[in-house]
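Q: Following this message is one structure expressed as structure tokens.
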Amino acid sequence: MSVPIGAYLLLSLALLVLGLIGVMRRRNPLMLLLSVELMLNAGNIALIGFSRQWDDTSGQVFALVVMVVAAAEVVIGLGLVVAIFRSRTDLDVDDLSSMRG
Amino acid sequence: MGEKITFAVAAIGTLGFGTGVVFFRDAFRAAVSLIGALLSVALLFIALLAPFAAAVQVIVYAGAIVVMFLFVIAYLGGHREITTFDRLDRWQVIGWLGVMGLGALGAVAVLDSTAGPGWAAPAATGTGSPAAIGDAFLSGHLLAFEVTSLVLLVAAVGAVILAKGAVQREGGR
């Protein structure tokens, strides 16, 4: 392997810190979920990097399980966001002015 | 050489699009930026000889999860600023210190460990093939496999219940 595993781990670390910064500075719950996705991907890079390093399939199995957990987390997270914020939309016909003519 | 080029392209893509996810104000742009970051991560998986994980990454992440994000952004209106109250408040400084500390700790750990011997990867023996992964799932990690299906079922049922409650509150059935 021409690229050492440390390069992948440093990239994974950078992506994790980037996701952490996103979680810290975002207020919008949708954007929080996007940043959490970045952090999960950083974990997956490290897992698959270790899988390559030790020539073992287990790391890839872990990464696939992480993807499943991410999918479930997004389903519940987006369900909560929709359930909370849908009832707050102002239904006012005067606001529907995009079809003026 | 080929792996170096692939890694460089994927690393720049991952960090560049990741920065977009974190710093774009528009929710729609951030979600599209996430697609780029996820595809770059799939490229990294290919460089690490894990083609099956890369395919799942593209299909499940970039294909399904981001599309769901885009649906919700389109449904709620991406331009309307949806904010919760700031849950950290005056603890924010401690949070930022924690972020920096974790980053520094990780950097020290990685740089320290790569200095040690034994970090040359062995020759690939086809651990990333779908057959090898299926074998690992159904022999060594059978419990994880079954728990996975349970997690997905619970998530699906939970989402339906959440959506049903929201519809009923608006006066629908």
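Labels used: A, B, ... for chains in the order of the structure tokens, numbers from 1 for residues in each chain, and numbers from 1 for ligands as shown.
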Find the residues of range 3-95 of chain B that sit at most 8 Å from range 65-82 of chain A; for each, write down the nearest two atoms and how far apart they are in Å, to one decimal. Count only C-alpha atoms. Sort by chain, then by number going up, and give it as JSON lines.

A:
{"residue": "B:Gln57", "atom": "CA", "partner": "A:Met67", "partner_atom": "CA", "distance": 7.8}
{"residue": "B:Val60", "atom": "CA", "partner": "A:Met67", "partner_atom": "CA", "distance": 7.9}
{"residue": "B:Tyr61", "atom": "CA", "partner": "A:Met67", "partner_atom": "CA", "distance": 7.7}
{"residue": "B:Ile65", "atom": "CA", "partner": "A:Ala71", "partner_atom": "CA", "distance": 6.5}
{"residue": "B:Phe69", "atom": "CA", "partner": "A:Leu78", "partner_atom": "CA", "distance": 7.5}
{"residue": "B:Val72", "atom": "CA", "partner": "A:Leu78", "partner_atom": "CA", "distance": 7.2}
{"residue": "B:Leu76", "atom": "CA", "partner": "A:Val82", "partner_atom": "CA", "distance": 7.5}

Q: Should the cut-off be 6 Å, what would the residue list for chain A against chain B look like, counting only C-alpha atoms, as a PyMOL selection string?

A: chain A and resi 1+3+6+22+27-28+53+57+72+76+79+83

Q: Which residue, A:Val36, A:Leu30, A:Leu64, A:Ala46, has the smallest gap to Leu13 in chain A when you use only C-alpha atoms?

A: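 Result for the nearest residue to Leu13 in chain A: A:Ala46.
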
Q: Hey, what does DSSP flag as helix (DSSP H, G or I) within chain A? Can you give it to me as a PyMOL selection string?

A: chain A and resi 5-25+29-54+58-88+93-95

Q: Once you have the residues from the selection above, write them out as a PDB file, in the first residue's frame, restricted to C-alpha atoms.

A:
ATOM      1  CA  ILE A   5      -2.811   3.965   7.058  1.00  0.00           C
ATOM      2  CA  GLY A   6      -1.922   7.051   9.105  1.00  0.00           C
ATOM      3  CA  ALA A   7      -2.966   9.282   6.190  1.00  0.00           C
ATOM      4  CA  TYR A   8      -6.439   7.710   6.203  1.00  0.00           C
ATOM      5  CA  LEU A   9      -6.649   8.062   9.978  1.00  0.00           C
ATOM      6  CA  LEU A  10      -5.642  11.737   9.838  1.00  0.00           C
ATOM      7  CA  LEU A  11      -8.287  12.341   7.150  1.00  0.00           C
ATOM      8  CA  SER A  12     -10.823  10.535   9.326  1.00  0.00           C
ATOM      9  CA  LEU A  13      -9.840  12.719  12.287  1.00  0.00           C
ATOM     10  CA  ALA A  14     -10.135  15.899  10.208  1.00  0.00           C
ATOM     11  CA  LEU A  15     -13.610  14.885   9.015  1.00  0.00           C
ATOM     12  CA  LEU A  16     -14.694  14.031  12.578  1.00  0.00           C
ATOM     13  CA  VAL A  17     -13.532  17.425  13.896  1.00  0.00           C
ATOM     14  CA  LEU A  18     -15.268  19.123  10.946  1.00  0.00           C
ATOM     15  CA  GLY A  19     -18.500  17.336  11.882  1.00  0.00           C
ATOM     16  CA  LEU A  20     -18.020  18.329  15.536  1.00  0.00           C
ATOM     17  CA  ILE A  21     -17.595  21.983  14.524  1.00  0.00           C
ATOM     18  CA  GLY A  22     -20.807  21.665  12.517  1.00  0.00           C
ATOM     19  CA  VAL A  23     -22.669  20.191  15.492  1.00  0.00           C
ATOM     20  CA  MET A  24     -21.375  23.032  17.686  1.00  0.00           C
ATOM     21  CA  ARG A  25     -22.229  25.952  15.440  1.00  0.00           C
ATOM     22  CA  PRO A  29     -31.785  20.483  13.583  1.00  0.00           C
ATOM     23  CA  LEU A  30     -31.622  19.430   9.928  1.00  0.00           C
ATOM     24  CA  MET A  31     -28.081  20.791   9.645  1.00  0.00           C
ATOM     25  CA  LEU A  32     -27.164  19.092  12.922  1.00  0.00           C
ATOM     26  CA  LEU A  33     -28.158  15.763  11.367  1.00  0.00           C
ATOM     27  CA  LEU A  34     -26.044  16.522   8.275  1.00  0.00           C
ATOM     28  CA  SER A  35     -23.012  17.180  10.493  1.00  0.00           C
ATOM     29  CA  VAL A  36     -23.627  13.950  12.408  1.00  0.00           C
ATOM     30  CA  GLU A  37     -23.578  12.125   9.061  1.00  0.00           C
ATOM     31  CA  LEU A  38     -20.094  13.561   8.458  1.00  0.00           C
ATOM     32  CA  MET A  39     -18.920  12.241  11.828  1.00  0.00           C
ATOM     33  CA  LEU A  40     -20.335   8.763  11.136  1.00  0.00           C
ATOM     34  CA  ASN A  41     -18.506   8.733   7.812  1.00  0.00           C
ATOM     35  CA  ALA A  42     -15.268   9.676   9.552  1.00  0.00           C
ATOM     36  CA  GLY A  43     -15.734   6.604  11.754  1.00  0.00           C
ATOM     37  CA  ASN A  44     -16.379   4.455   8.681  1.00  0.00           C
ATOM     38  CA  ILE A  45     -13.152   5.633   7.010  1.00  0.00           C
ATOM     39  CA  ALA A  46     -11.189   4.603  10.116  1.00  0.00           C
ATOM     40  CA  LEU A  47     -12.973   1.223  10.344  1.00  0.00           C
ATOM     41  CA  ILE A  48     -12.347   0.335   6.703  1.00  0.00           C
ATOM     42  CA  GLY A  49      -8.779   1.619   6.957  1.00  0.00           C
ATOM     43  CA  PHE A  50      -8.141  -0.756   9.849  1.00  0.00           C
ATOM     44  CA  SER A  51      -9.859  -3.544   7.922  1.00  0.00           C
ATOM     45  CA  ARG A  52      -7.350  -2.992   5.109  1.00  0.00           C
ATOM     46  CA  GLN A  53      -4.481  -2.735   7.554  1.00  0.00           C
ATOM     47  CA  TRP A  54      -5.144  -6.066   9.266  1.00  0.00           C
ATOM     48  CA  SER A  58     -14.655  -7.518  10.348  1.00  0.00           C
ATOM     49  CA  GLY A  59     -13.929  -3.795   9.944  1.00  0.00           C
ATOM     50  CA  GLN A  60     -16.071  -3.655   6.816  1.00  0.00           C
ATOM     51  CA  VAL A  61     -18.878  -5.500   8.612  1.00  0.00           C
ATOM     52  CA  PHE A  62     -18.696  -2.870  11.382  1.00  0.00           C
ATOM     53  CA  ALA A  63     -18.820  -0.093   8.767  1.00  0.00           C
ATOM     54  CA  LEU A  64     -21.932  -1.612   7.182  1.00  0.00           C
ATOM     55  CA  VAL A  65     -23.600  -1.845  10.601  1.00  0.00           C
ATOM     56  CA  VAL A  66     -22.721   1.835  11.180  1.00  0.00           C
ATOM     57  CA  MET A  67     -24.446   2.668   7.878  1.00  0.00           C
ATOM     58  CA  VAL A  68     -27.591   0.851   9.036  1.00  0.00           C
ATOM     59  CA  VAL A  69     -27.534   2.733  12.342  1.00  0.00           C
ATOM     60  CA  ALA A  70     -27.068   5.994  10.405  1.00  0.00           C
ATOM     61  CA  ALA A  71     -30.099   5.180   8.244  1.00  0.00           C
ATOM     62  CA  ALA A  72     -32.238   4.461  11.309  1.00  0.00           C
ATOM     63  CA  GLU A  73     -30.985   7.620  13.021  1.00  0.00           C
ATOM     64  CA  VAL A  74     -31.859   9.751   9.994  1.00  0.00           C
ATOM     65  CA  VAL A  75     -35.344   8.217   9.754  1.00  0.00           C
ATOM     66  CA  ILE A  76     -36.123   8.991  13.401  1.00  0.00           C
ATOM     67  CA  GLY A  77     -34.351  12.374  13.333  1.00  0.00           C
ATOM     68  CA  LEU A  78     -36.145  13.596  10.236  1.00  0.00           C
ATOM     69  CA  GLY A  79     -39.424  12.180  11.579  1.00  0.00           C
ATOM     70  CA  LEU A  80     -38.962  14.279  14.725  1.00  0.00           C
ATOM     71  CA  VAL A  81     -38.023  17.389  12.735  1.00  0.00           C
ATOM     72  CA  VAL A  82     -41.117  17.047  10.547  1.00  0.00           C
ATOM     73  CA  ALA A  83     -43.372  16.266  13.515  1.00  0.00           C
ATOM     74  CA  ILE A  84     -42.134  19.326  15.439  1.00  0.00           C
ATOM     75  CA  PHE A  85     -41.885  21.898  12.686  1.00  0.00           C
ATOM     76  CA  ARG A  86     -44.793  20.971  10.432  1.00  0.00           C
ATOM     77  CA  SER A  87     -47.361  22.194  12.937  1.00  0.00           C
ATOM     78  CA  ARG A  88     -45.571  25.561  13.159  1.00  0.00           C
ATOM     79  CA  VAL A  93     -53.496  32.328   1.976  1.00  0.00           C
ATOM     80  CA  ASP A  94     -52.148  35.882   1.740  1.00  0.00           C
ATOM     81  CA  ASP A  95     -48.678  34.387   1.798  1.00  0.00           C
TER      82      ASP A  95
END

Q: Quick one: distance from CA of Gly36 in chain B to CA of Gly13 in chain B in Å, one decimal?

A: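 A separation of 7.0 Å between them.
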